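J.: Below: one structure in structure tokens.
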Amino acid sequence: MDVITWTGELACHLQAAHRWNREEFAERLGVHPQTVAGWHSKPAIVPRSEIQAALDTVYERALPPVRLRFARLVQPPAETAAQALRVAIAIVLRGTEVLLVQRRDGGDLHWQFPAGVVKPGAEVAAVAVKETRAETGVHCTVRQPLGSRLHPTTGVQADYLLCDHLMGEPMNLDPAENAEAAFVPVSALTRFIQPDRIYRPVLDALGVSE
């Protein structure tokens, strides 16, 4: 696909498709990391002409798998958009810890990241922050999107967002849905959730090997 005019949102999708952090993306574009941060906070912004050209170059040099991820981020398949429920999943970091909730699933319990349904017209980032606070009492802010996929287990469209902890200790504020909420060491994450159930860009962002 061809991009006529880059916006902050499209630039962020290009970053996510490459699975780069802000510093890596900024270095390849020749801009300051704060410029990239600005695109995340103001997705409608249109970068100046020299940055448009730099984004064109990064896209043109991208390998086919990266271009495919970018296309899916920009425009999910029509059947997915029409049929799949959409959820925002918050990957909340506090130093070397990540926030998890233990979800009740019938008679079973399993750990997962905080998540909430994205209703029509709602912003994914706002839902991630709001649902994290509602479920656990933890206040967070979105650092960057990590990508989107059709969840292999639930079949819903899942948007993953890397978040930073601002304040609050985890509490189980939704006992009907959850049994527990806790920060766990990132190094121990795969003891709580099987690595093959975790979206690969999440593992990469956390520096976790399978």
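Within each chain, counting starts at residue 1; across the structure tokens, chains are named A, B, ... in the order shown, with ligands numbered 1 upward in that order.
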For Val98 of chain A, work out the shell of residues within 9 Å, counting only C-alpha atoms and skipping chain neighbours fewer than 5 positions away, then give it as a list in words.
T.: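 So, after excluding close chain neighbours, the residues are Ile91, Val92, Leu93, Phe113, Ala182, Phe183, Val184, Pro185, Val186, Leu189 and Leu206 of chain A.
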J.: Dump C-alpha atoms for the selected residues as a PDB file, in the first residue's frame?
T.:
```pdb
ATOM      1  CA  ILE A  91       0.829  -4.075  29.446  1.00  0.00           C
ATOM      2  CA  VAL A  92       1.581  -1.974  32.543  1.00  0.00           C
ATOM      3  CA  LEU A  93       5.212  -1.746  33.642  1.00  0.00           C
ATOM      4  CA  PHE A 113      -3.046  -8.610  31.304  1.00  0.00           C
ATOM      5  CA  ALA A 182      -0.731  -8.230  41.227  1.00  0.00           C
ATOM      6  CA  PHE A 183       2.537  -6.913  39.873  1.00  0.00           C
ATOM      7  CA  VAL A 184       4.837  -9.822  39.036  1.00  0.00           C
ATOM      8  CA  PRO A 185       8.494  -9.806  37.957  1.00  0.00           C
ATOM      9  CA  VAL A 186       8.851  -9.515  34.193  1.00  0.00           C
ATOM     10  CA  LEU A 189       5.997 -13.670  33.362  1.00  0.00           C
ATOM     11  CA  LEU A 206       9.450  -6.661  27.762  1.00  0.00           C
TER      12      LEU A 206
END
```
J.: Just want the 10 Å neighbourhood of Lys42 of chain A, counted on only C-alpha atoms, with same-chain residues fewer than 4 positions away dropped. Output as a list in words.
T.: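 Near neighbours after the sequence-gap exclusion: Thr7, Gly8, Glu9, Val36, Ala37, Gly38 and Val46 of chain A.
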J.: Got time to write the residues from that selection, C-alpha atoms, as a JSON list (two decimals), in the first residue's frame?
T.:
```json
[["chain", "number", "residue", "atom", "x", "y", "z"],
["A", 7, "THR", "CA", 0.21, 11.31, 10.17],
["A", 8, "GLY", "CA", 1.31, 10.65, 13.72],
["A", 9, "GLU", "CA", -0.96, 7.60, 13.82],
["A", 36, "VAL", "CA", 8.04, 10.23, 18.21],
["A", 37, "ALA", "CA", 6.41, 10.64, 21.62],
["A", 38, "GLY", "CA", 4.43, 13.55, 20.20],
["A", 46, "VAL", "CA", 1.09, 15.79, 10.17]]
```
J.: Run DSSP on the backbone and grab whatever in segment 33-121 of chain A lands in strand (DSSP E or B); send it over as a PyMOL selection string.
T.: chain A and resi 86-94+97-105+108-112+115-117
J.: Please dump the current selection as an mmCIF file, in the first residue's frame; keep C-alpha atoms.
T.:
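Result file is result_5.cif:
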```cif
data_model
loop_
_atom_site.group_PDB
_atom_site.id
_atom_site.type_symbol
_atom_site.label_atom_id
_atom_site.label_comp_id
_atom_site.auth_asym_id
_atom_site.auth_seq_id
_atom_site.Cartn_x
_atom_site.Cartn_y
_atom_site.Cartn_z
ATOM 1 C CA ARG A 86 -12.412 -5.424 20.002
ATOM 2 C CA VAL A 87 -10.518 -5.218 23.273
ATOM 3 C CA ALA A 88 -7.705 -3.008 24.573
ATOM 4 C CA ILE A 89 -5.003 -4.878 26.495
ATOM 5 C CA ALA A 90 -2.750 -2.918 28.861
ATOM 6 C CA ILE A 91 0.829 -4.075 29.446
ATOM 7 C CA VAL A 92 1.581 -1.974 32.543
ATOM 8 C CA LEU A 93 5.212 -1.746 33.642
ATOM 9 C CA ARG A 94 6.477 -0.687 37.058
ATOM 10 C CA GLU A 97 7.408 -5.703 37.162
ATOM 11 C CA VAL A 98 4.320 -6.094 34.982
ATOM 12 C CA LEU A 99 0.668 -5.954 36.059
ATOM 13 C CA LEU A 100 -1.517 -9.068 35.787
ATOM 14 C CA VAL A 101 -5.026 -10.049 36.828
ATOM 15 C CA GLN A 102 -6.187 -13.573 37.601
ATOM 16 C CA ARG A 103 -9.360 -13.994 35.584
ATOM 17 C CA ARG A 104 -12.231 -16.263 36.578
ATOM 18 C CA ASP A 105 -13.248 -18.453 33.645
ATOM 19 C CA ASP A 108 -10.896 -22.178 36.124
ATOM 20 C CA LEU A 109 -8.497 -19.369 36.961
ATOM 21 C CA HIS A 110 -5.889 -17.969 34.613
ATOM 22 C CA TRP A 111 -3.572 -14.964 34.572
ATOM 23 C CA GLN A 112 -3.722 -12.297 31.899
ATOM 24 C CA ALA A 115 -8.210 -5.670 29.315
ATOM 25 C CA GLY A 116 -11.435 -3.929 28.415
ATOM 26 C CA VAL A 117 -13.929 -3.910 25.557
#
```
J.: As JSON, numbers by chain, please: all residues of segment 27-92 of chain A that backbone DSSP puts in helix (DSSP H, G or I).
T.: {"A": [27, 28, 29, 33, 34, 35, 36, 37, 38, 39, 40, 41, 49, 50, 51, 52, 53, 54, 55, 56, 57, 58, 59, 60, 64, 65, 66, 67, 68, 69, 70, 71, 72, 73, 74, 78, 79, 80, 81, 82, 83]}
J.: Could you pull the residues within 6 Å of segment 65-67 of chain A, counting only C-alpha atoms, minus those fewer than 2 positions along the same chain, as a list in words?
T.: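 Listed by chain and then number, they are Ala17, His18, Ala62, Leu63, Arg69 and Phe70 of chain A.
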J.: Just to be explicit: take each residue in the selection above, keep N, CA and C atoms, and write the result as a CSV table (one decimal), in the first residue's frame.
T.:
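Writing the result to again.csv gives the following:
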```
chain,number,residue,atom,x,y,z
A,17,ALA,N,5.0,-1.9,13.4
A,17,ALA,CA,5.3,-2.9,12.4
A,17,ALA,C,6.7,-3.4,12.4
A,18,HIS,N,7.6,-2.4,12.7
A,18,HIS,CA,9.1,-2.8,12.8
A,18,HIS,C,9.4,-3.3,14.1
A,62,ALA,N,11.5,-1.4,4.1
A,62,ALA,CA,10.9,-2.4,5.0
A,62,ALA,C,10.8,-3.7,4.3
A,63,LEU,N,11.1,-4.8,5.0
A,63,LEU,CA,11.0,-6.2,4.5
A,63,LEU,C,9.5,-6.5,4.3
A,69,ARG,N,2.6,-6.4,8.3
A,69,ARG,CA,2.1,-6.0,9.6
A,69,ARG,C,1.6,-4.6,9.6
A,70,PHE,N,2.3,-3.7,8.9
A,70,PHE,CA,1.9,-2.3,8.8
A,70,PHE,C,0.5,-2.2,8.1
```
J.: In Å, rounded to a single decimal, give me how far atom CA of Lys119 of chain A is from atom CA of Glu135 of chain A.
T.: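 We find that atom CA of Glu135 of chain A and atom CA of Lys119 of chain A lie 17.2 Å from each other.
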J.: So, with only C-alpha atoms as the atoms that count, which of A:His13, A:Gly95, A:Gln52, A:Gln194 lies closest to Ser148 of chain A?
T.: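 Of A:His13, A:Gly95, A:Gln52, A:Gln194, the one nearest Ser148 of chain A, counting only C-alpha atoms, is A:His13.
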